[in-house]
>>> print(open('coords.cif').read())   # mmCIF, C-alpha atoms
data_my_file
#
loop_
_atom_site.label_atom_id
_atom_site.label_comp_id
_atom_site.auth_asym_id
_atom_site.auth_seq_id
_atom_site.Cartn_x
_atom_site.Cartn_y
_atom_site.Cartn_z
CA GLU A 1 79.98 71.26 126.63
CA GLU A 2 83.12 69.11 126.27
CA PRO A 3 84.59 69.61 122.77
CA PRO A 4 87.64 67.60 121.67
CA LYS A 5 91.01 69.11 122.60
CA HIS A 6 91.85 69.90 118.99
CA VAL A 7 88.73 72.09 118.57
CA VAL A 8 89.05 75.86 119.07
CA PHE A 9 86.06 78.17 118.96
CA ILE A 10 86.79 81.78 117.97
CA LEU A 11 84.05 84.28 118.77
CA ALA A 12 84.34 87.77 117.28
CA THR A 13 82.02 90.62 118.20
CA THR A 14 81.84 94.40 118.32
CA GLU A 15 79.13 94.19 121.00
CA LEU A 16 80.78 92.39 123.88
CA HIS A 17 78.04 93.42 126.31
CA LYS A 18 75.64 91.09 124.49
CA VAL A 19 77.75 87.99 125.14
CA PRO A 20 76.39 86.07 128.17
CA ALA A 21 78.63 86.00 131.24
CA THR A 22 78.57 82.20 131.26
CA ILE A 23 80.32 82.22 127.87
CA LEU A 24 82.75 85.04 128.72
CA SER A 25 83.90 83.17 131.80
CA ARG A 26 85.05 80.28 129.61
CA CYS A 27 86.93 82.44 127.08
CA GLN A 28 90.33 83.95 126.68
CA ARG A 29 89.58 87.55 125.79
CA TYR A 30 91.57 89.60 123.28
CA ASP A 31 90.64 93.23 122.67
CA PHE A 32 91.55 94.69 119.29
CA ARG A 33 92.11 98.41 118.85
CA ARG A 34 91.11 100.50 115.87
CA ILE A 35 93.83 100.63 113.23
CA PRO A 36 95.41 104.01 112.36
CA ALA A 37 94.43 105.29 108.91
CA GLU A 38 98.03 105.34 107.67
CA ILE A 39 98.51 101.65 108.45
CA MET A 40 95.17 100.75 106.87
CA ALA A 41 96.02 102.66 103.68
CA GLY A 42 99.32 100.79 103.42
CA ALA A 43 97.56 97.46 103.98
CA LEU A 44 95.03 98.24 101.24
CA GLU A 45 97.85 99.03 98.82
CA GLY A 46 99.44 95.70 99.78
CA ILE A 47 96.19 93.88 99.01
CA ALA A 48 96.00 95.58 95.62
CA GLN A 49 99.56 94.53 94.82
CA LYS A 50 98.87 90.91 95.75
CA GLU A 51 95.59 90.86 93.81
CA GLY A 52 97.26 92.35 90.74
CA PHE A 53 95.52 95.70 90.33
CA LEU A 54 96.56 99.32 90.83
CA LEU A 55 95.37 101.36 93.81
CA ASP A 56 96.42 105.00 94.02
CA HIS A 57 97.61 106.22 97.41
CA ASP A 58 94.96 108.97 97.44
CA ALA A 59 92.26 106.34 96.84
CA ALA A 60 93.64 104.13 99.62
CA ASP A 61 93.66 107.15 101.93
CA ILE A 62 89.96 107.82 101.29
CA LEU A 63 89.02 104.17 101.89
CA ALA A 64 91.08 104.05 105.08
CA ALA A 65 89.45 107.22 106.43
CA MET A 66 85.98 105.85 105.66
CA GLY A 67 86.81 102.58 107.41
CA ASP A 68 87.23 104.50 110.69
CA GLY A 69 89.71 102.03 112.13
CA SER A 70 88.01 98.88 110.79
CA MET A 71 90.10 96.97 108.25
CA ARG A 72 87.12 94.81 107.34
CA ASP A 73 85.02 97.86 106.44
CA SER A 74 87.80 99.39 104.34
CA ILE A 75 88.31 96.14 102.42
CA SER A 76 84.57 95.94 101.75
CA LEU A 77 84.63 99.51 100.44
CA LEU A 78 87.63 98.65 98.27
CA ASP A 79 85.70 95.74 96.74
CA ARG A 80 82.79 98.07 95.94
CA ALA A 81 85.05 100.74 94.48
CA ARG A 82 87.10 98.33 92.40
CA GLY A 83 84.34 96.56 90.52
CA ALA A 84 85.98 95.24 87.37
CA ALA A 85 88.48 98.10 87.09
CA PHE A 86 92.22 97.44 86.96
CA HIS A 87 93.17 100.91 88.19
CA VAL A 88 91.40 102.31 91.27
CA THR A 89 91.78 106.09 91.58
CA SER A 90 90.39 108.62 94.03
CA GLN A 91 87.88 109.62 91.36
CA SER A 92 86.69 106.04 90.82
CA VAL A 93 86.31 105.63 94.60
CA THR A 94 84.22 108.78 94.97
CA ASP A 95 82.12 107.85 91.94
CA ALA A 96 81.51 104.26 93.04
CA LEU A 97 80.62 105.21 96.61
CA GLY A 98 78.63 108.33 95.75
CA LEU A 99 81.09 110.61 97.56
CA ALA A 100 81.97 114.19 96.81
CA SER A 101 85.54 114.79 95.75
CA GLU A 102 88.02 116.66 97.93
CA LYS A 103 87.69 119.72 95.70
CA GLU A 104 83.89 119.65 95.87
CA ILE A 105 83.90 119.53 99.67
CA MET A 106 86.55 122.24 99.90
CA ASP A 107 84.53 124.47 97.56
CA ILE A 108 81.55 124.22 99.92
CA PHE A 109 83.70 124.64 103.03
CA ASN A 110 85.57 127.68 101.70
CA ALA A 111 82.33 129.38 100.64
CA VAL A 112 80.80 128.80 104.09
CA MET A 113 83.86 130.14 105.89
CA ALA A 114 83.92 133.18 103.56
CA GLY A 115 80.27 133.96 104.36
CA ASP A 116 79.33 133.33 100.73
CA ALA A 117 75.90 131.70 100.95
CA ALA A 118 75.36 131.81 97.19
CA GLY A 119 78.71 130.13 96.57
CA ALA A 120 78.03 127.45 99.17
CA VAL A 121 74.59 126.63 97.75
CA SER A 122 75.98 126.65 94.20
CA ALA A 123 78.80 124.22 95.10
CA PHE A 124 76.32 122.02 96.97
CA THR A 125 73.92 122.03 94.01
CA ASP A 126 76.73 120.95 91.67
CA CYS A 127 77.38 117.98 93.96
CA TYR A 128 73.68 117.15 94.19
CA MET A 129 73.12 117.27 90.43
CA THR A 130 76.03 114.90 89.81
CA GLY A 131 74.44 112.30 92.10
CA ARG A 132 76.47 112.80 95.26
CA ASP A 133 74.85 111.50 98.43
CA ILE A 134 73.62 114.43 100.54
CA VAL A 135 74.30 112.75 103.88
CA ALA A 136 77.81 111.82 102.73
CA ILE A 137 78.49 115.45 101.78
CA PHE A 138 77.66 116.67 105.28
CA ASP A 139 79.42 113.71 106.89
CA ASN A 140 82.56 114.78 105.04
CA MET A 141 82.08 118.39 106.15
CA LEU A 142 81.64 117.21 109.72
CA SER A 143 84.80 115.10 109.52
CA LEU A 144 86.79 118.08 108.27
CA LEU A 145 85.39 120.39 110.96
CA ARG A 146 86.10 117.79 113.62
CA ASP A 147 89.75 117.60 112.59
CA ILE A 148 90.13 121.38 112.53
CA TYR A 149 88.54 121.67 115.97
CA LEU A 150 90.75 118.95 117.44
CA TYR A 151 93.88 120.49 115.93
CA LYS A 152 93.00 123.91 117.35
CA ALA A 153 92.43 122.35 120.78
CA THR A 154 95.50 120.08 120.88
CA GLY A 155 98.01 121.60 118.46
CA THR A 156 98.88 118.13 117.15
CA THR A 157 97.93 116.13 114.07
CA ASP A 158 97.97 112.80 115.95
CA TYR A 159 94.17 112.59 116.20
CA LEU A 160 93.21 113.65 112.67
CA LEU A 161 91.24 111.20 110.54
CA SER A 162 89.73 112.99 107.55
CA ARG A 163 90.96 113.01 103.96
CA TRP A 164 92.07 116.59 104.51
CA ARG A 165 94.25 115.98 107.57
CA LEU A 166 97.40 117.19 105.82
CA ARG A 167 95.72 120.54 105.12
CA VAL A 168 94.15 120.97 108.55
CA PRO A 169 96.99 123.01 110.16
CA GLU A 170 96.71 125.54 107.33
CA LEU A 171 92.90 125.70 107.51
CA ALA A 172 92.76 125.94 111.30
CA GLY A 173 94.47 129.32 111.36
CA ALA A 174 91.56 130.99 109.54
CA CYS A 175 88.72 129.31 111.45
CA PRO A 176 87.69 130.64 114.90
CA ALA A 177 86.93 127.81 117.32
CA SER A 178 83.51 129.26 118.18
CA ARG A 179 82.53 129.26 114.49
CA ILE A 180 83.67 125.66 114.10
CA GLU A 181 81.62 124.67 117.16
CA SER A 182 78.49 126.32 115.75
CA CYS A 183 78.96 124.68 112.34
CA ILE A 184 79.38 121.26 113.96
CA GLU A 185 76.17 121.78 115.93
CA SER A 186 74.28 122.87 112.80
CA ILE A 187 75.43 119.87 110.76
CA ASN A 188 74.66 117.48 113.60
CA PHE A 189 71.15 118.94 113.80
CA PHE A 190 70.73 118.51 110.03
CA LEU A 191 71.99 114.91 110.11
CA GLY A 192 69.61 114.17 112.98
CA ARG A 193 66.67 115.35 110.84
CA THR A 194 67.58 113.24 107.81
CA THR A 195 66.04 110.13 109.36
CA ARG A 196 62.59 111.70 109.24
CA ALA A 197 62.78 114.55 106.73
CA SER A 198 61.89 113.91 103.11
CA ALA A 199 63.27 117.25 101.85
CA LYS A 200 66.93 116.53 102.47
CA ARG A 201 68.05 118.93 99.77
CA LEU A 202 66.07 121.80 101.29
CA ASP A 203 67.34 121.08 104.80
CA GLY A 204 70.90 120.86 103.49
CA GLU A 205 70.59 124.22 101.73
CA MET A 206 69.14 125.85 104.85
CA CYS A 207 72.01 124.46 106.91
CA LEU A 208 74.60 125.88 104.51
CA ILE A 209 72.91 129.29 104.36
CA LYS A 210 72.77 129.46 108.14
CA MET A 211 76.46 128.59 108.48
CA SER A 212 77.34 131.17 105.81
CA ILE A 213 75.79 134.11 107.67
CA PRO A 214 78.61 136.62 108.39
CA GLY A 215 79.61 136.35 112.03
CA PHE A 216 77.78 133.03 112.53
CA GLY A 217 79.07 131.40 115.70
CA VAL A 218 81.43 134.26 116.54
CA PRO A 219 80.61 135.83 119.93
CA SER A 220 79.62 139.49 119.71
CA ALA A 221 80.34 142.16 122.27
CA ALA A 222 78.64 141.51 125.58
CA GLU A 223 75.04 142.72 125.60
CA PRO A 224 72.84 143.35 128.65
CA VAL A 225 70.77 140.33 129.53
CA THR A 226 67.05 140.96 130.01
CA LEU A 227 65.34 138.42 132.22
CA PRO A 228 61.69 137.60 131.51
CA ALA A 229 59.13 138.97 133.93
CA PHE A 230 57.22 136.48 136.04
#
>>> encode(input="coords.cif", output="structure tokens")
Amino acid sequence: EEPPKHVVFILATTELHKVPATILSRCQRYDFRRIPAEIMAGALEGIAQKEGFLLDHDAADILAAMGDGSMRDSISLLDRARGAAFHVTSQSVTDALGLASEKEIMDIFNAVMAGDAAGAVSAFTDCYMTGRDIVAIFDNMLSLLRDIYLYKATGTTDYLLSRWRLRVPELAGACPASRIESCIESINFFLGRTTRASAKRLDGEMCLIKMSIPGFGVPSAAEPVTLPAF
């Protein structure tokens, strides 16, 4: 109740609502914001320099994007990706964390947007057979679609977070907003099923085939609405 004057207690939490009011009333409160990906990537490169190992900028960019504003999470991911290696590359990061590479994700994305179901399933199967995590594949797709949708809505790159943010303005021009919305809904539905579905590969393939249907998510000409008889 009465600690010595030289004692300072520092409480850190991401769930402030769980801290009792009696404790909050006795604290000085400091709110920390999420850190932009560019700053986090630079900080990770600084850590690598101080620790005496090489970290490619592309690899730092992936780790920063995965950290989603949390420096602690990105540093933990860096530790996992580094292992005993002296040189950390984007390939070593994706391999260590079970992620699909940028090319692998773009192959799936391009096939879906082209209405090429066979190409999308083939690219997905290649990822699956090399040990990529299925949920991570669709998480990456969702991150890319989110950035494209935000860019189309705002016209600015200020809110983009994915590994592909530099390519988003180019990609957005060929992607109708309604199609992006439908793809986001489909992937969210798939990810919601993964907690209870054992056949993740099957569900993932069905999701890709659905999104690859020509005209998926694009409104058709207005059709007469028939109300059910009561």
>>> resolve_selection(input="coords.cif", expression="the PyMOL selection byres ((chain A and resi 176) around 12)", output="PyMOL selection string")
chain A and resi 113+145+148-149+151-153+171-175+177-183+215-219
>>> residues_around(input="coords.cif", residues="A:Gly98", least_positions_apart="3", cutoff="7 Å", atoms="only C-alpha atoms", output="ChimeraX atom specification")
/A:94-95,131-133
>>> write_last_selection(input="coords.cif", atoms="C-alpha atoms", output="PDB file, in the coordinates of the input")
ATOM      1  CA  THR A  94      84.220 108.780  94.970  1.00  0.00           C
ATOM      2  CA  ASP A  95      82.120 107.850  91.940  1.00  0.00           C
ATOM      3  CA  GLY A 131      74.440 112.300  92.100  1.00  0.00           C
ATOM      4  CA  ARG A 132      76.470 112.800  95.260  1.00  0.00           C
ATOM      5  CA  ASP A 133      74.850 111.500  98.430  1.00  0.00           C
TER       6      ASP A 133
END
>>> closest_residue(input="coords.cif", among="A:Val7, A:Ala37, A:Val135, A:Ala21", to="A:Tyr159", atoms="only C-alpha atoms")
A:Ala37
>>> atom_distance(input="coords.cif", atom1="atom CA of A:Phe124", atom2="atom CA of A:Leu150")
25.2 Å
>>> resolve_selection(input="coords.cif", expression="the PyMOL selection byres ((chain A and resi 48) around 12)", output="ChimeraX atom specification")
/A:41-47,49-57,59-60,75,78-79,82,85-88
>>> residues_near_point(input="coords.cif", point="(88.6, 117.9, 110.1)", cutoff="8 Å", atoms="all atoms listed in the file", output="VMD selection string")
chain A and resid 141 to 150 160 to 162 164 to 165 168
>>> atom_distance(input="coords.cif", atom1="atom CA of A:Asp139", atom2="atom CA of A:Thr194")
11.9 Å
>>> atom_distance(input="coords.cif", atom1="atom CA of A:Ile105", atom2="atom CA of A:Ala199")
20.9 Å
>>> resolve_selection(input="coords.cif", expression="the PyMOL selection byres ((chain A and resi 81) around 7)", output="ChimeraX atom specification")
/A:77-80,82-83,92-93,96-97
>>> residues_around(input="coords.cif", residues="A:Leu208", least_positions_apart="2", cutoff="7 Å", atoms="only C-alpha atoms", output="MDAnalysis selection string")
chainID A and resid 112 117 120:121 204:206 210:212
>>> closest_residue(input="coords.cif", among="A:Ser25, A:Arg163, A:Leu191, A:Lys103", to="A:Leu63", atoms="only C-alpha atoms")
A:Arg163
>>> closest_residue(input="coords.cif", among="A:Thr157, A:Asn140, A:Ser74, A:Thr125", to="A:Pro169", atoms="all atoms listed in the file")
A:Thr157
>>> decode(input="coords.cif", residues="stretch 22-71 of chain A", atoms="C-alpha atoms", output="compact mmCIF listing (two decimals), in the first residue's frame")
# COMPACT_ATOMS: atom_id res chain seq x y z
CA THR A 22 -9.00 1.01 -7.81
CA ILE A 23 -5.63 0.40 -9.48
CA LEU A 24 -6.27 2.70 -12.46
CA SER A 25 -7.11 5.56 -10.12
CA ARG A 26 -3.62 5.34 -8.62
CA CYS A 27 -1.77 5.23 -11.95
CA GLN A 28 -0.41 7.65 -14.48
CA ARG A 29 -1.74 6.32 -17.76
CA TYR A 30 0.21 6.31 -21.02
CA ASP A 31 -1.44 5.00 -24.18
CA PHE A 32 0.85 3.65 -26.88
CA ARG A 33 -0.20 3.63 -30.52
CA ARG A 34 0.56 0.95 -33.07
CA ILE A 35 3.83 1.56 -34.88
CA PRO A 36 3.76 2.13 -38.67
CA ALA A 37 5.23 -0.78 -40.65
CA GLU A 38 7.96 1.37 -42.21
CA ILE A 39 9.27 2.42 -38.80
CA MET A 40 9.13 -1.14 -37.50
CA ALA A 41 11.06 -2.46 -40.51
CA GLY A 42 13.77 0.14 -39.94
CA ALA A 43 13.94 -0.75 -36.24
CA LEU A 44 14.31 -4.45 -37.07
CA GLU A 45 17.18 -3.67 -39.44
CA GLY A 46 18.77 -1.64 -36.63
CA ILE A 47 18.49 -4.61 -34.27
CA ALA A 48 20.13 -6.86 -36.85
CA GLN A 49 22.99 -4.42 -37.26
CA LYS A 50 23.57 -4.22 -33.51
CA GLU A 51 23.35 -8.00 -33.10
CA GLY A 52 25.79 -8.56 -35.95
CA PHE A 53 23.71 -10.39 -38.55
CA LEU A 54 22.25 -9.46 -41.93
CA LEU A 55 18.56 -8.76 -42.41
CA ASP A 56 17.31 -7.99 -45.92
CA HIS A 57 14.88 -5.10 -46.25
CA ASP A 58 12.28 -7.36 -47.88
CA ALA A 59 12.52 -9.73 -44.92
CA ALA A 60 12.17 -6.86 -42.44
CA ASP A 61 9.13 -5.64 -44.39
CA ILE A 62 7.41 -9.03 -44.07
CA LEU A 63 8.12 -9.23 -40.32
CA ALA A 64 6.87 -5.67 -39.79
CA ALA A 65 3.65 -6.36 -41.67
CA MET A 66 3.04 -9.53 -39.64
CA GLY A 67 3.64 -7.64 -36.40
CA ASP A 68 0.58 -5.46 -37.16
CA GLY A 69 1.90 -2.49 -35.23
CA SER A 70 3.42 -4.47 -32.35
CA MET A 71 7.21 -4.18 -32.12
